[in-house]
Structures are given as C-alpha cells and as structure tokens.
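Okay, my_file_25.cif is below, mmCIF, C-alpha atoms:
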data_query
#
loop_
_atom_site.group_PDB
_atom_site.id
_atom_site.type_symbol
_atom_site.label_atom_id
_atom_site.label_comp_id
_atom_site.auth_asym_id
_atom_site.auth_seq_id
_atom_site.Cartn_x
_atom_site.Cartn_y
_atom_site.Cartn_z
ATOM 1 C CA MET P 20 50.224 -100.341 54.339
ATOM 2 C CA GLY P 21 53.077 -101.435 52.136
ATOM 3 C CA TYR P 22 56.254 -99.718 53.330
ATOM 4 C CA VAL P 23 59.500 -100.481 51.521
ATOM 5 C CA ASP P 24 62.599 -98.274 51.450
ATOM 6 C CA GLY P 25 60.637 -95.192 52.449
ATOM 7 C CA GLU P 26 57.783 -95.817 50.000
ATOM 8 C CA PHE P 27 54.163 -96.574 50.854
ATOM 9 C CA LEU P 28 50.554 -96.211 49.763
ATOM 10 C CA LEU P 29 48.252 -95.957 52.760
ATOM 11 C CA PRO P 30 44.441 -96.143 52.474
ATOM 12 C CA PHE P 31 42.799 -93.401 54.534
ATOM 13 C CA TRP P 32 39.197 -93.859 53.461
ATOM 14 C CA ASP P 33 38.199 -97.118 51.753
ATOM 15 C CA ASP P 34 39.059 -96.855 48.049
ATOM 16 C CA HIS P 35 38.633 -93.082 47.958
ATOM 17 C CA LEU P 36 41.559 -91.375 49.715
ATOM 18 C CA PHE P 37 45.189 -92.456 50.105
ATOM 19 C CA LEU P 38 48.432 -91.063 51.456
ATOM 20 C CA ALA P 39 51.365 -91.856 49.190
ATOM 21 C CA CYS P 40 55.104 -91.592 49.415
ATOM 22 C CA LEU P 41 56.372 -92.853 46.084
ATOM 23 C CA LYS P 42 59.540 -92.571 44.018
ATOM 24 C CA THR P 43 59.408 -91.650 40.349
ATOM 25 C CA ASP P 44 59.129 -95.158 38.854
ATOM 26 C CA LEU P 45 56.395 -96.301 41.239
ATOM 27 C CA ALA P 46 54.583 -92.996 40.883
ATOM 28 C CA GLN P 47 54.359 -93.549 37.129
ATOM 29 C CA GLN P 48 53.063 -97.089 37.710
ATOM 30 C CA TYR P 49 50.242 -95.846 39.916
ATOM 31 C CA ALA P 50 49.531 -92.875 37.649
ATOM 32 C CA ASP P 51 48.811 -95.322 34.817
ATOM 33 C CA SER P 52 46.260 -97.201 36.935
ATOM 34 C CA SER P 53 43.057 -96.140 38.709
ATOM 35 C CA TYR P 54 44.875 -93.678 40.957
ATOM 36 C CA LEU P 55 44.980 -89.920 40.630
ATOM 37 C CA LEU P 56 48.252 -88.787 42.190
ATOM 38 C CA VAL P 57 48.016 -85.280 43.594
ATOM 39 C CA PRO P 58 51.126 -83.566 45.050
ATOM 40 C CA PHE P 59 50.375 -82.264 48.522
ATOM 41 C CA VAL P 60 51.916 -78.860 47.740
ATOM 42 C CA GLN P 61 49.371 -78.498 44.925
ATOM 43 C CA VAL P 62 46.507 -78.967 47.368
ATOM 44 C CA LEU P 63 48.189 -76.834 50.015
ATOM 45 C CA ASP P 64 48.679 -73.968 47.551
ATOM 46 C CA SER P 65 51.665 -72.754 49.579
ATOM 47 C CA PRO P 66 55.434 -73.237 49.176
ATOM 48 C CA ALA P 67 56.686 -76.263 51.073
ATOM 49 C CA GLU P 68 59.202 -74.139 52.965
ATOM 50 C CA CYS P 69 56.339 -72.092 54.456
ATOM 51 C CA VAL P 70 54.920 -75.102 56.287
ATOM 52 C CA CYS P 71 55.988 -75.256 59.914
ATOM 53 C CA GLY P 72 54.001 -77.167 62.505
ATOM 54 C CA PRO P 73 50.292 -77.944 62.137
ATOM 55 C CA LEU P 74 48.506 -76.064 59.382
ATOM 56 C CA ASN P 75 46.376 -73.095 60.385
ATOM 57 C CA LEU P 76 42.605 -72.975 59.850
ATOM 58 C CA GLY P 77 42.934 -71.073 56.584
ATOM 59 C CA GLN P 78 45.242 -73.735 55.134
ATOM 60 C CA ILE P 79 43.006 -76.524 56.441
ATOM 61 C CA HIS P 80 39.978 -74.905 54.793
ATOM 62 C CA THR P 81 41.828 -74.585 51.464
ATOM 63 C CA CYS P 82 43.057 -78.187 51.483
ATOM 64 C CA VAL P 83 39.767 -79.749 52.558
ATOM 65 C CA LYS P 84 37.859 -77.762 49.927
ATOM 66 C CA LYS P 85 40.268 -78.866 47.175
ATOM 67 C CA LEU P 86 40.103 -82.511 48.250
ATOM 68 C CA ASP P 87 36.322 -82.366 48.202
ATOM 69 C CA GLN P 88 36.400 -80.895 44.692
ATOM 70 C CA LEU P 89 38.839 -83.582 43.503
ATOM 71 C CA LEU P 90 36.695 -86.394 44.896
ATOM 72 C CA LYS P 91 33.513 -85.019 43.319
ATOM 73 C CA ALA P 92 35.210 -84.409 39.962
ATOM 74 C CA ASN P 93 36.799 -87.887 39.863
ATOM 75 C CA PRO P 94 34.285 -90.323 41.404
ATOM 76 C CA LYS P 95 35.818 -93.370 39.719
ATOM 77 C CA LEU P 96 39.430 -92.637 40.669
ATOM 78 C CA LYS P 97 41.356 -93.197 43.883
ATOM 79 C CA ILE P 98 42.790 -89.900 45.094
ATOM 80 C CA ALA P 99 46.322 -90.275 46.472
ATOM 81 C CA LEU P 100 47.877 -87.284 48.218
ATOM 82 C CA CYS P 101 51.602 -87.503 47.514
ATOM 83 C CA VAL P 102 54.677 -86.352 49.395
ATOM 84 C CA GLU P 103 58.338 -86.885 48.611
ATOM 85 C CA ASP P 104 60.275 -89.322 50.749
ATOM 86 C CA LYS P 105 59.687 -88.856 54.489
ATOM 87 C CA SER P 106 59.652 -85.062 54.292
ATOM 88 C CA ASP P 107 58.277 -82.708 56.927
ATOM 89 C CA LEU P 108 55.204 -82.436 54.718
ATOM 90 C CA LEU P 109 54.266 -86.062 55.408
ATOM 91 C CA ILE P 110 52.585 -85.459 58.752
ATOM 92 C CA ASN P 111 50.709 -82.412 57.440
ATOM 93 C CA ALA P 112 49.471 -84.363 54.422
ATOM 94 C CA ALA P 113 48.182 -87.043 56.797
ATOM 95 C CA PHE P 114 46.669 -84.319 58.964
ATOM 96 C CA VAL P 115 44.780 -82.844 55.989
ATOM 97 C CA LEU P 116 43.336 -86.201 54.976
ATOM 98 C CA GLY P 117 42.116 -86.774 58.521
ATOM 99 C CA CYS P 118 40.644 -83.264 58.630
ATOM 100 C CA TYR P 119 38.670 -84.028 55.483
ATOM 101 C CA LEU P 120 37.181 -87.114 57.085
ATOM 102 C CA VAL P 121 36.392 -85.308 60.342
ATOM 103 C CA ILE P 122 34.959 -82.125 58.781
ATOM 104 C CA ILE P 123 33.242 -83.361 55.611
ATOM 105 C CA GLU P 124 32.463 -86.993 56.397
ATOM 106 C CA HIS P 125 31.884 -86.377 60.138
ATOM 107 C CA GLN P 126 34.025 -89.332 61.105
ATOM 108 C CA GLU P 127 35.209 -89.661 64.695
ATOM 109 C CA PRO P 128 38.937 -88.923 65.228
ATOM 110 C CA ASN P 129 39.519 -92.269 66.965
ATOM 111 C CA ASP P 130 37.980 -94.104 64.004
ATOM 112 C CA VAL P 131 40.244 -92.249 61.584
ATOM 113 C CA TRP P 132 43.304 -93.027 63.691
ATOM 114 C CA SER P 133 42.413 -96.706 64.027
ATOM 115 C CA GLU P 134 42.735 -97.044 60.248
ATOM 116 C CA VAL P 135 46.103 -95.302 59.973
ATOM 117 C CA SER P 136 47.765 -95.889 63.353
ATOM 118 C CA CYS P 137 50.726 -97.423 61.509
ATOM 119 C CA LEU P 138 51.774 -93.812 60.833
ATOM 120 C CA ASP P 139 52.929 -93.709 64.433
ATOM 121 C CA SER P 140 56.050 -95.601 63.385
ATOM 122 C CA ILE P 141 57.112 -93.107 60.704
ATOM 123 C CA THR P 142 55.971 -89.750 62.129
ATOM 124 C CA ASP P 143 56.622 -88.314 65.560
ATOM 125 C CA GLY P 144 53.909 -85.685 65.766
ATOM 126 C CA PHE P 145 54.165 -81.915 65.984
ATOM 127 C CA HIS P 146 56.761 -80.501 68.360
ATOM 128 C CA ASP P 147 56.905 -77.075 69.965
ATOM 129 C CA PRO P 148 59.354 -74.945 67.938
ATOM 130 C CA ASN P 149 60.356 -73.233 71.209
ATOM 131 C CA SER P 150 64.061 -73.763 71.759
ATOM 132 C CA ASN P 151 63.564 -74.200 75.509
ATOM 133 C CA PRO P 152 64.713 -77.787 76.218
ATOM 134 C CA ASP P 153 61.993 -78.121 78.860
ATOM 135 C CA CYS P 154 59.306 -77.663 76.194
ATOM 136 C CA ASP P 155 59.376 -81.230 74.944
ATOM 137 C CA PHE P 156 55.672 -81.969 74.551
ATOM 138 C CA CYS P 157 54.293 -83.301 71.290
ATOM 139 C CA LEU P 158 50.902 -83.074 69.602
ATOM 140 C CA SER P 159 49.857 -86.265 67.842
ATOM 141 C CA LEU P 160 47.676 -86.458 64.758
ATOM 142 C CA LEU P 161 44.889 -87.755 66.977
ATOM 143 C CA ASP P 162 45.256 -84.710 69.254
ATOM 144 C CA CYS P 163 44.880 -82.371 66.272
ATOM 145 C CA TRP P 164 41.943 -84.232 64.729
ATOM 146 C CA THR P 165 40.211 -84.269 68.110
ATOM 147 C CA ALA P 166 40.598 -80.480 68.334
ATOM 148 C CA ILE P 167 39.128 -80.061 64.831
ATOM 149 C CA ALA P 168 36.222 -82.364 65.688
ATOM 150 C CA GLN P 169 35.535 -80.340 68.836
ATOM 151 C CA ALA P 170 35.599 -77.086 66.861
ATOM 152 C CA ARG P 171 33.179 -78.597 64.346
ATOM 153 C CA SER P 172 30.790 -79.880 67.015
ATOM 154 C CA LEU P 173 30.699 -76.483 68.755
ATOM 155 C CA GLY P 174 29.963 -74.688 65.494
ATOM 156 C CA TRP P 175 33.210 -72.706 65.469
ATOM 157 C CA LEU P 176 34.087 -73.766 61.923
ATOM 158 C CA ASP P 177 30.679 -72.681 60.635
ATOM 159 C CA ARG P 178 31.062 -69.280 62.308
ATOM 160 C CA LEU P 179 34.525 -68.660 60.929
ATOM 161 C CA ASP P 180 34.784 -65.984 58.245
ATOM 162 C CA ILE P 181 37.540 -67.611 56.216
ATOM 163 C CA ARG P 182 38.325 -64.445 54.231
ATOM 164 C CA GLU P 183 38.758 -62.428 57.412
ATOM 165 C CA TYR P 184 40.855 -65.230 58.894
ATOM 166 C CA ALA P 185 43.142 -65.433 55.861
ATOM 167 C CA HIS P 186 43.554 -61.651 55.762
ATOM 168 C CA TYR P 187 44.659 -61.198 59.366
ATOM 169 C CA ALA P 188 46.672 -64.449 59.483
ATOM 170 C CA ASN P 189 48.917 -63.032 56.764
ATOM 171 C CA PRO P 190 52.292 -62.145 58.372
ATOM 172 C CA LEU P 191 52.062 -58.800 56.590
ATOM 173 C CA GLU P 192 48.562 -58.033 57.876
ATOM 174 C CA GLY P 193 48.885 -58.729 61.599
ATOM 175 C CA ASP P 194 49.922 -62.394 61.891
ATOM 176 C CA LEU P 195 46.791 -62.798 64.004
ATOM 177 C CA HIS P 196 44.902 -66.099 64.239
ATOM 178 C CA ILE P 197 41.257 -66.552 65.139
ATOM 179 C CA VAL P 198 40.887 -69.562 67.462
ATOM 180 C CA ILE P 199 37.227 -69.106 68.440
ATOM 181 C CA PRO P 200 35.261 -66.651 66.273
ATOM 182 C CA ASP P 201 34.218 -63.570 68.278
ATOM 183 C CA GLU P 202 35.833 -65.012 71.423
ATOM 184 C CA LEU P 203 39.577 -65.692 71.196
ATOM 185 C CA VAL P 204 42.422 -64.614 68.913
ATOM 186 C CA LEU P 205 46.167 -65.222 69.147
ATOM 187 C CA LEU P 206 48.914 -62.870 68.032
ATOM 188 C CA GLN P 207 52.591 -62.120 68.391
ATOM 189 C CA GLY P 208 53.283 -59.583 71.121
ATOM 190 C CA PRO P 209 52.838 -56.003 69.854
ATOM 191 C CA VAL P 210 55.876 -53.725 69.923
ATOM 192 C CA ALA P 211 55.914 -50.017 70.714
ATOM 193 C CA LEU P 212 57.623 -48.301 67.775
ATOM 194 C CA ASP P 213 59.572 -45.103 68.416
ATOM 195 C CA ASP P 214 58.314 -43.301 65.342
ATOM 196 C CA GLY P 215 54.667 -44.044 66.089
ATOM 197 C CA ALA P 216 54.344 -46.264 63.017
ATOM 198 C CA ASP P 217 51.779 -49.062 62.852
ATOM 199 C CA PHE P 218 54.406 -51.607 61.808
ATOM 200 C CA ARG P 219 58.061 -52.070 60.971
ATOM 201 C CA ASP P 220 59.829 -54.637 58.823
ATOM 202 C CA ASP P 221 62.591 -56.210 60.897
ATOM 203 C CA GLY P 222 64.596 -58.436 58.586
ATOM 204 C CA LEU P 223 62.290 -61.227 57.407
ATOM 205 C CA ARG P 224 59.698 -60.430 60.071
ATOM 206 C CA ARG P 225 57.131 -57.645 60.351
ATOM 207 C CA VAL P 226 56.366 -56.385 63.842
ATOM 208 C CA PHE P 227 53.195 -54.487 64.707
ATOM 209 C CA SER P 228 52.446 -51.761 67.221
ATOM 210 C CA PRO P 229 49.274 -51.596 69.344
ATOM 211 C CA SER P 230 47.938 -48.899 67.005
ATOM 212 C CA PHE P 231 47.891 -51.379 64.118
ATOM 213 C CA TYR P 232 45.514 -53.717 65.941
ATOM 214 C CA LEU P 233 43.394 -50.869 67.322
ATOM 215 C CA ALA P 234 42.895 -49.446 63.832
ATOM 216 C CA GLY P 235 41.180 -52.485 62.352
ATOM 217 C CA ALA P 236 41.624 -56.030 63.627
ATOM 218 C CA PHE P 237 40.486 -55.596 67.226
ATOM 219 C CA PRO P 238 37.316 -53.597 66.434
ATOM 220 C CA ASP P 239 36.472 -56.091 63.653
ATOM 221 C CA MET P 240 36.740 -58.974 66.123
ATOM 222 C CA SER P 241 35.117 -57.290 69.143
ATOM 223 C CA VAL P 242 38.356 -57.576 71.129
ATOM 224 C CA ARG P 243 38.024 -55.750 74.464
ATOM 225 C CA HIS P 244 40.665 -57.642 76.482
ATOM 226 C CA VAL P 245 44.397 -58.083 75.819
ATOM 227 C CA ALA P 246 46.122 -60.819 77.826
ATOM 228 C CA ARG P 247 49.842 -61.539 77.796
ATOM 229 C CA ILE P 248 51.937 -64.434 79.054
ATOM 230 C CA GLU P 249 55.341 -62.733 78.985
ATOM 231 C CA PRO P 250 56.731 -59.241 79.702
ATOM 232 C CA PRO P 251 55.380 -56.784 77.104
ATOM 233 C CA CYS P 252 57.227 -54.631 74.608
ATOM 234 C CA TYR P 253 54.504 -51.999 74.809
ATOM 235 C CA ALA P 254 52.794 -49.920 77.484
ATOM 236 C CA ASP P 255 49.403 -51.095 78.701
ATOM 237 C CA ALA P 256 48.226 -47.517 78.275
ATOM 238 C CA ALA P 257 48.438 -47.952 74.505
ATOM 239 C CA PHE P 258 45.412 -50.269 74.721
ATOM 240 C CA GLU P 259 43.768 -48.941 77.876
ATOM 241 C CA SER P 260 43.469 -45.432 76.396
ATOM 242 C CA SER P 261 41.158 -46.969 73.787
ATOM 243 C CA GLY P 262 39.009 -48.710 76.386
ATOM 244 C CA LEU P 263 40.597 -52.153 76.308
ATOM 245 C CA ALA P 264 41.535 -53.985 79.501
ATOM 246 C CA CYS P 265 45.036 -55.471 79.837
ATOM 247 C CA HIS P 266 45.708 -58.635 81.826
ATOM 248 C CA ALA P 267 49.146 -59.866 82.919
ATOM 249 C CA LEU P 268 49.462 -63.660 82.952
ATOM 250 C CA ASP P 269 53.275 -63.679 83.021
ATOM 251 C CA HIS P 270 55.024 -66.763 84.370
ATOM 252 C CA ASP P 271 58.515 -68.250 84.390
ATOM 253 C CA ALA P 272 57.552 -71.914 83.952
ATOM 254 C CA PRO P 273 58.013 -73.761 80.629
ATOM 255 C CA PHE P 274 54.236 -74.294 80.639
ATOM 256 C CA PRO P 275 51.516 -72.086 82.155
ATOM 257 C CA PRO P 276 50.929 -73.208 85.760
ATOM 258 C CA PRO P 277 47.379 -74.165 86.866
ATOM 259 C CA ALA P 278 46.739 -70.776 88.509
ATOM 260 C CA VAL P 279 47.546 -68.943 85.270
ATOM 261 C CA VAL P 280 45.356 -71.304 83.240
ATOM 262 C CA ALA P 281 42.478 -70.811 85.684
ATOM 263 C CA SER P 282 42.813 -67.023 85.463
ATOM 264 C CA PHE P 283 42.843 -67.147 81.677
ATOM 265 C CA LEU P 284 39.760 -69.364 81.481
ATOM 266 C CA HIS P 285 37.923 -67.103 83.928
ATOM 267 C CA LEU P 286 38.799 -64.101 81.750
ATOM 268 C CA CYS P 287 37.526 -65.844 78.610
ATOM 269 C CA ARG P 288 34.260 -66.876 80.256
ATOM 270 C CA THR P 289 33.666 -63.378 81.613
ATOM 271 C CA ALA P 290 34.411 -61.757 78.247
ATOM 272 C CA ARG P 291 32.146 -64.181 76.384
ATOM 273 C CA ARG P 292 29.189 -63.418 78.648
ATOM 274 C CA ARG P 293 29.602 -59.729 77.763
ATOM 275 C CA GLY P 294 29.943 -60.411 74.030
ATOM 276 C CA HIS P 295 33.628 -59.506 73.998
ATOM 277 C CA ALA P 296 36.669 -61.286 72.603
ATOM 278 C CA VAL P 297 40.091 -61.820 74.182
ATOM 279 C CA ALA P 298 43.385 -61.323 72.346
ATOM 280 C CA LEU P 299 46.247 -63.398 73.762
#
Final structure tokens representation of the file:
Amino acid sequence: MGYVDGEFLLPFWDDHLFLACLKTDLAQQYADSSYLLVPFVQVLDSPAECVCGPLNLGQIHTCVKKLDQLLKANPKLKIALCVEDKSDLLINAAFVLGCYLVIIEHQEPNDVWSEVSCLDSITDGFHDPNSNPDCDFCLSLLDCWTAIAQARSLGWLDRLDIREYAHYANPLEGDLHIVIPDELVLLQGPVALDDGADFRDDGLRRVFSPSFYLAGAFPDMSVRHVARIEPPCYADAAFESSGLACHALDHDAPFPPPAVVASFLHLCRTARRRGHAVAL
C-alpha cells in the first residue's frame, strides 16, 4: 500500500477491488486510467452522517449487492471504493470490501486480513458508543468479518428476509434488528406511554411502547420471549398479558457477567427448540 500524506490505494482482491483515499488531483489521475473510482457513500446509499459503528445487515446487503453489480458490469476495470481523507467512513468502506469477499467469494476472514493488515496502523476498529469509561473494548475488522463468515456458514444470511429486516430496522418502524432469523432480535427498550399510544416522537428519536411490537413485529418474527439487561420502562404485564414470557437479566457490571451470559444462552437454546424467538 502506498500511503503518503493521508492518501493510499490498497488492493483488497488482486486487480479487482481496491480501497482508496485520494485527493482531487490524484483521483483524476486514477480516473483517467484503468480504475473506476466509486465513492463509498454512493454504494452505501445512505448519508455519511447516518453511519455510526459497524453497518447493519441491511446496509451490508445493499453494499455487497452493488459491488457485485459493479464488478460484473465492468470486468476490465479495477473497482476502487473511495473515501475522503481518513474519515470515519474509512473503516466501514474496508469492512464492506471484506464482507464482499467473505459472502460472495467465500474467502476466509484471516486470508482477507492477511492482505490488508496494514490497515491496522490507520484504523482503530469499532468502539462501543457507550459513554461508560469502563466500556473500552474494540471490535476489529477481523472480528466483524469472522462474525459474517459464521453467519454465512450457518445459513443465517440465506434465511434473512432483507425486506423485512430493512422495514423493522428503520428507526421509524421499530428500530429492531434481526440477528438470527426466527431466533434472536435486538431492540431499544420499549417505553410505556401514558396515552396508550404505540409510539411517541421524542426530539430526534422515536420511542415505542410494548403495544407497537405486539401489533406486528413480534408475531411476524415468532417472538415469545422478551429479555432485558437493564431496568425496564414498561410493566412486564404488557407482554405477559399477550402470552409472552419476560426475563430479567439486569446487572450492574460494564459487561454481562458469566452467570447472565449463561442464563441468556440457556433461554435462547430453550426457545429455539420450541420454534420461538427471543427479543433482547
């Protein structure tokens, strides 16, 4: 990788895929050659300011699909995914390229990393946005690619209904993320609303009541268990009256202690055997 004054062109996959961080004059130079420069935000199809942390499965699906289309439509060109300077988008652009290789080309995460390990010197991974100073762990690109490879090998990606995922992942439609299709979903803690409404717009954030999830998302996903890891802002009865079981996994530690993890895994295994999903 050539890296000068914040600029580089890094091969990800032979002469097919590259990660680029180029200023205007160099970008024009490469654009006039055998490279097709593609801004990452164009592939992402989302405003740059909306990207925070690793991309979700819906965004990964969109990006990988577009990269595949670009490669098939331009077999003689080198596709370079471009970011500006050393922006926060850099690590997600690298993540997307690795996801393409893991999902479409079935490459092993360690093999992908061995080709681009120099990124370790200019990116520091994904950090927990939690403001708690004790939450200082970091997810590396290799960690994330390994998770995607595991999901692929277990068939989770094939089982994922991407339209359903995108619908419920929308912050206006539940802000709910499918982790394992028909088995595990994640969501912000529901809030009991005084007026009995399904949701309320609170500044720039929409909060949802238990009734919102009971009306559509949970039945659609076969959710029969609701687990929480912090004190709730709703009454368990709101779910239990509809036949769902509530499970308290509250803890005060920065990270879930082993006993809490063991209880959660036991719950997930039990629910799976009965064909039910868990909402956490």
Axis-aligned box over every listed atom of segment 87-99 of chain P, padded by 8 Å per side: centre and edges in Å to one decimal, as AutoDock Vina command-line options?
--center_x 39.9 --center_y -87.1 --center_z 44.0 --size_x 28.8 --size_y 28.5 --size_z 24.5
Residue IDs satisfying the PyMOL selection byres ((chain P and resi 217) around 10), as a ChimeraX atom specification: /P:209-212,214-216,218-219,226-234
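With the shown file loaded, the PyMOL selection byres ((chain P and resi 118) around 9) picks out Ile79, Val83, Ala113, Phe114, Val115, Leu116, Gly117, Tyr119, Leu120, Val121, Ile122, Ile123, Pro128, Cys163, Trp164, Ile167 and Ala168 of chain P.
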Atom CA of Pro276 of chain P to atom CA of Glu202 of chain P, straight-line distance in Å: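 Taking atom CA of Glu202 of chain P as the start and atom CA of Pro276 of chain P as the end point, the length is 22.4 Å.
Using the PyMOL selection byres ((chain P and resi 290-295) around 6) on the file at hand returns these residues: Ser241, Val242, Arg243, Cys287, Arg288, Thr289 and Ala296 of chain P.
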Nearest candidate to Leu195 of chain P (options P:Cys137, P:Ala272, P:Met240, P:Leu41; using all atoms listed in the file):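 Of all the options, P:Met240 lies closest to Leu195 of chain P.
With all atoms listed in the file as the atoms that count, the minimum distance from Phe274 of chain P to the choices P:Val57, P:Leu299, P:Ile248, P:Val102 is reached by P:Ile248.
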Between atom CA of Val297 of chain P and atom CA of Val204 of chain P - distance in Å to one decimal: 6.4 Å
Distance criterion (all atoms listed in the file): nearest to Ser159 of chain P out of P:Asp87, P:Asp201, P:Asn111, P:Ala188: P:Asn111
Protein, DNA and RNA residues within 12 Å of (43.7, -97.7, 46.3), only C-alpha atoms, as an MDAnalysis selection string: chainID P and resid 20:21 27:39 49:50 52:56 95:100
Distance in Å - atom CA of Leu89 of chain P versus atom CA of Gln61 of chain P: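 That distance, rounded to one decimal, is 11.8 Å.
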Nearest residue to Asp221 of chain P from the set P:Leu191, P:Ala254, P:Ile197, P:Gln169 (distances using only C-alpha atoms):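 Closest to Asp221 of chain P of all the choices is P:Leu191.
Distances to Leu109 of chain P were evaluated for P:Gln88, P:Thr142, P:Thr165, P:Ser133 using all atoms listed in the file, and the minimum falls at P:Thr142.
Using all atoms listed in the file, the nearest neighbour of Asp269 of chain P within the list P:Pro200, P:Gly208, P:Pro250, P:Gly77 is P:Pro250.
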